[in-house]
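Below is final21.pdb, which holds PDB, C-alpha atoms, pLDDT in the B column.
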ATOM      1  CA  MET A   1     -20.557 -16.585 -10.542  1.00 65.00           C
ATOM      2  CA  LYS A   2     -19.721 -19.930 -11.951  1.00 82.00           C
ATOM      3  CA  ASP A   3     -16.675 -20.538 -14.096  1.00 82.00           C
ATOM      4  CA  GLU A   4     -18.815 -21.315 -17.145  1.00 86.00           C
ATOM      5  CA  GLN A   5     -20.637 -17.995 -16.873  1.00 88.00           C
ATOM      6  CA  LEU A   6     -17.389 -16.091 -16.408  1.00 85.00           C
ATOM      7  CA  ARG A   7     -15.829 -17.889 -19.368  1.00 85.00           C
ATOM      8  CA  ALA A   8     -18.846 -17.019 -21.536  1.00 87.00           C
ATOM      9  CA  GLN A   9     -18.668 -13.341 -20.525  1.00 88.00           C
ATOM     10  CA  ILE A  10     -14.929 -13.187 -21.189  1.00 86.00           C
ATOM     11  CA  ASN A  11     -15.390 -14.796 -24.586  1.00 85.00           C
ATOM     12  CA  ALA A  12     -18.140 -12.304 -25.417  1.00 87.00           C
ATOM     13  CA  LEU A  13     -15.886  -9.378 -24.465  1.00 87.00           C
ATOM     14  CA  ILE A  14     -13.036 -10.745 -26.552  1.00 86.00           C
ATOM     15  CA  LYS A  15     -15.322 -11.232 -29.543  1.00 85.00           C
ATOM     16  CA  ASP A  16     -16.621  -7.663 -29.186  1.00 87.00           C
ATOM     17  CA  GLU A  17     -13.095  -6.265 -29.126  1.00 86.00           C
ATOM     18  CA  ILE A  18     -12.098  -8.325 -32.157  1.00 85.00           C
ATOM     19  CA  GLN A  19     -15.220  -7.246 -34.039  1.00 85.00           C
ATOM     20  CA  GLU A  20     -14.449  -3.605 -33.267  1.00 86.00           C
ATOM     21  CA  GLY A  21     -10.946  -4.057 -34.662  1.00 84.00           C
ATOM     22  CA  ILE A  22     -12.306  -5.686 -37.795  1.00 82.00           C
ATOM     23  CA  ASN A  23     -14.814  -2.888 -38.302  1.00 84.00           C
ATOM     24  CA  GLU A  24     -12.076  -0.262 -38.006  1.00 85.00           C
ATOM     25  CA  TYR A  25      -9.916  -2.185 -40.474  1.00 82.00           C
ATOM     26  CA  VAL A  26     -12.761  -2.418 -42.995  1.00 81.00           C
ATOM     27  CA  ASP A  27     -13.542   1.287 -42.619  1.00 83.00           C
ATOM     28  CA  THR A  28      -9.922   2.314 -43.201  1.00 82.00           C
ATOM     29  CA  LYS A  29      -9.685  -0.055 -46.159  1.00 78.00           C
ATOM     30  CA  LYS A  30     -12.784   1.502 -47.735  1.00 77.00           C
ATOM     31  CA  GLU A  31     -11.372   4.984 -47.172  1.00 76.00           C
ATOM     32  CA  SER A  32      -8.056   4.065 -48.785  1.00 73.00           C
ATOM     33  CA  GLU A  33      -9.887   2.551 -51.785  1.00 69.00           C
ATOM     34  CA  LYS A  34     -11.832   5.783 -52.245  1.00 70.00           C
ATOM     35  CA  THR A  35      -8.741   7.951 -52.203  1.00 68.00           C
ATOM     36  CA  GLY A  36      -6.634   5.525 -54.192  1.00 61.00           C
ATOM     37  CA  LEU A  37      -3.831   5.593 -51.619  1.00 57.00           C
ATOM     38  CA  GLY A  38      -2.356   2.649 -49.827  1.00 54.00           C
ATOM     39  CA  PHE A  39      -1.036  -0.742 -50.667  1.00 55.00           C
ATOM     40  CA  VAL A  40      -2.778  -3.397 -52.719  1.00 53.00           C
ATOM     41  CA  GLN A  41      -3.762  -6.330 -50.545  1.00 58.00           C
ATOM     42  CA  ASN A  42      -5.243  -9.726 -51.207  1.00 56.00           C
ATOM     43  CA  ASP A  43      -8.947  -9.978 -50.555  1.00 59.00           C
ATOM     44  CA  ASP A  44      -8.498 -13.655 -49.677  1.00 57.00           C
ATOM     45  CA  GLU A  45      -6.952 -12.863 -46.297  1.00 63.00           C
ATOM     46  CA  GLN A  46      -8.803 -14.228 -43.294  1.00 67.00           C
ATOM     47  CA  LEU A  47      -8.462 -13.174 -39.698  1.00 64.00           C
ATOM     48  CA  LYS A  48      -7.770 -16.033 -37.321  1.00 70.00           C
ATOM     49  CA  VAL A  49      -7.536 -15.503 -33.591  1.00 71.00           C
ATOM     50  CA  ASN A  50      -6.563 -18.158 -31.098  1.00 77.00           C
ATOM     51  CA  ILE A  51      -6.944 -17.374 -27.426  1.00 79.00           C
ATOM     52  CA  PRO A  52      -5.475 -20.020 -25.135  1.00 84.00           C
ATOM     53  CA  ASN A  53      -7.738 -21.369 -22.422  1.00 85.00           C
ATOM     54  CA  SER A  54      -4.911 -20.826 -19.964  1.00 88.00           C
ATOM     55  CA  GLU A  55      -5.171 -17.053 -20.535  1.00 86.00           C
ATOM     56  CA  VAL A  56      -8.926 -17.155 -19.972  1.00 85.00           C
ATOM     57  CA  ASP A  57      -8.310 -19.184 -16.810  1.00 88.00           C
ATOM     58  CA  LYS A  58      -5.879 -16.507 -15.598  1.00 89.00           C
ATOM     59  CA  LEU A  59      -8.537 -13.845 -16.155  1.00 87.00           C
ATOM     60  CA  ILE A  60     -11.100 -15.870 -14.229  1.00 88.00           C
ATOM     61  CA  LYS A  61      -8.636 -16.410 -11.367  1.00 90.00           C
ATOM     62  CA  GLU A  62      -7.830 -12.696 -11.183  1.00 90.00           C
ATOM     63  CA  TYR A  63     -11.551 -11.833 -11.269  1.00 89.00           C
ATOM     64  CA  LYS A  64     -12.222 -14.184  -8.373  1.00 90.00           C
ATOM     65  CA  LYS A  65      -9.376 -12.637  -6.334  1.00 92.00           C
ATOM     66  CA  ILE A  66     -10.794  -9.161  -6.892  1.00 90.00           C
ATOM     67  CA  LYS A  67     -14.293 -10.240  -5.921  1.00 89.00           C
ATOM     68  CA  LYS A  68     -12.960 -11.989  -2.806  1.00 90.00           C
ATOM     69  CA  ARG A  69     -11.140  -8.805  -1.757  1.00 87.00           C
ATOM     70  CA  GLN A  70     -14.294  -6.750  -2.367  1.00 86.00           C
ATOM     71  CA  LYS A  71     -16.281  -9.034  -0.073  1.00 86.00           C
ATOM     72  CA  SER A  72     -13.714  -8.899   2.739  1.00 85.00           C
ATOM     73  CA  ASN A  73     -14.440  -7.086   6.001  1.00 80.00           C
ATOM     74  CA  LEU A  74     -11.609  -4.614   5.454  1.00 75.00           C
ATOM     75  CA  SER A  75     -13.033  -3.648   2.096  1.00 77.00           C
ATOM     76  CA  GLN A  76     -16.457  -3.143   3.658  1.00 77.00           C
ATOM     77  CA  VAL A  77     -14.963  -0.816   6.275  1.00 71.00           C
ATOM     78  CA  LYS A  78     -13.201   1.199   3.569  1.00 72.00           C
ATOM     79  CA  LYS A  79     -16.495   1.554   1.708  1.00 75.00           C
ATOM     80  CA  LEU A  80     -18.123   3.067   4.805  1.00 77.00           C
ATOM     81  CA  ASN A  81     -15.586   5.900   4.719  1.00 74.00           C
ATOM     82  CA  LEU A  82     -15.463   6.076   8.525  1.00 74.00           C
ATOM     83  CA  LEU A  83     -14.047   9.070  10.382  1.00 67.00           C
ATOM     84  CA  ASP A  84     -12.238   9.126  13.709  1.00 70.00           C
ATOM     85  CA  LYS A  85     -13.226  11.440  16.603  1.00 69.00           C
ATOM     86  CA  PHE A  86     -11.219  14.279  15.023  1.00 76.00           C
ATOM     87  CA  GLY A  87     -12.951  14.023  11.666  1.00 71.00           C
ATOM     88  CA  ASN A  88     -10.000  12.435   9.869  1.00 78.00           C
ATOM     89  CA  PRO A  89     -10.580   9.438   7.652  1.00 73.00           C
ATOM     90  CA  MET A  90      -9.632   6.156   9.298  1.00 69.00           C
ATOM     91  CA  LYS A  91      -6.863   4.162   7.660  1.00 66.00           C
TER      92      LYS A  91
END

With the file now loaded, output its structure as structure tokens.
Amino acid sequence: MKDEQLRAQINALIKDEIQEGINEYVDTKKESEKTGLGFVQNDDEQLKVNIPNSEVDKLIKEYKKIKKRQKSNLSQVKKLNLLDKFGNPMK
């Protein structure tokens, strides 16, 4: 995969996780408003998230290392789950 595609997929995953967190926050806020418990908060608060490109680059680098290991010959042999002449798994 190209770096641009990986970066787009990582960004999509991050956005999904952030959206899930926001949804949980809104749900708990609605529940606390119904019960009348909790602290009073400003409704003007905005959520801002900054994710450094260097962190995304680290994720891409780690992904490429994993994929390279998966394509290696040793990894292919491990996937075959070969047995020796005594029926024991080969190491």

For this session: Work out how far apart atom CA of Ile51 of chain A and atom CA of Gly21 of chain A are and give it in Å to one decimal.
Result: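 We find that atom CA of Ile51 of chain A and atom CA of Gly21 of chain A lie 15.7 Å from each other.
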
Seminar exercise, completed: Of A:Arg69, A:Lys48, A:Lys34, A:Lys61, the one nearest to Arg7 of chain A when counting only C-alpha atoms is A:Lys61

For this session: Can you pull out every residue within 12 Å of Gln9 of chain A, counting all atoms listed in the file, but drop anything in the same chain fewer than 6 positions away, and send it as a list in words?
Result: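 Result of the neighbour search: Met1, Lys2, Asp3, Lys15, Asp16, Val56, Leu59, Ile60 and Tyr63 of chain A.
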
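Closest to Ile14 of chain A among A:Lys78, A:Asn50, A:Ile66, A:Lys71 is A:Asn50, based on all atoms listed in the file.
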
Exercise. How far is it from atom CA of Gln5 of chain A to atom CA of Pro52 of chain A, in Å with one decimal?
Worked result: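 Calculated distance between atom CA of Gln5 of chain A and atom CA of Pro52 of chain A is 17.4 Å.
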
Padding 6 Å on every side, please: axis-aligned box over the listed atoms of segment 4-23 of chain A, centre and edge lengths to one decimal in Å, as JSON.
{"center_x": -15.8, "center_y": -12.1, "center_z": -27.4, "size_x": 21.7, "size_y": 30.4, "size_z": 33.9}

Exercise. For the atom pair atom CA of Glu62 of chain A and atom CA of Leu6 of chain A, what is the interatomic distance in Å to one decimal place?
Worked result: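 Between atom CA of Glu62 of chain A and atom CA of Leu6 of chain A the gap is 11.4 Å.
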
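Among A:Asn11, A:Ser32, A:Gln19, A:Gln76, the residue with the shortest atom-to-atom distance to Glu55 of chain A, counting all atoms listed in the file, is A:Asn11.
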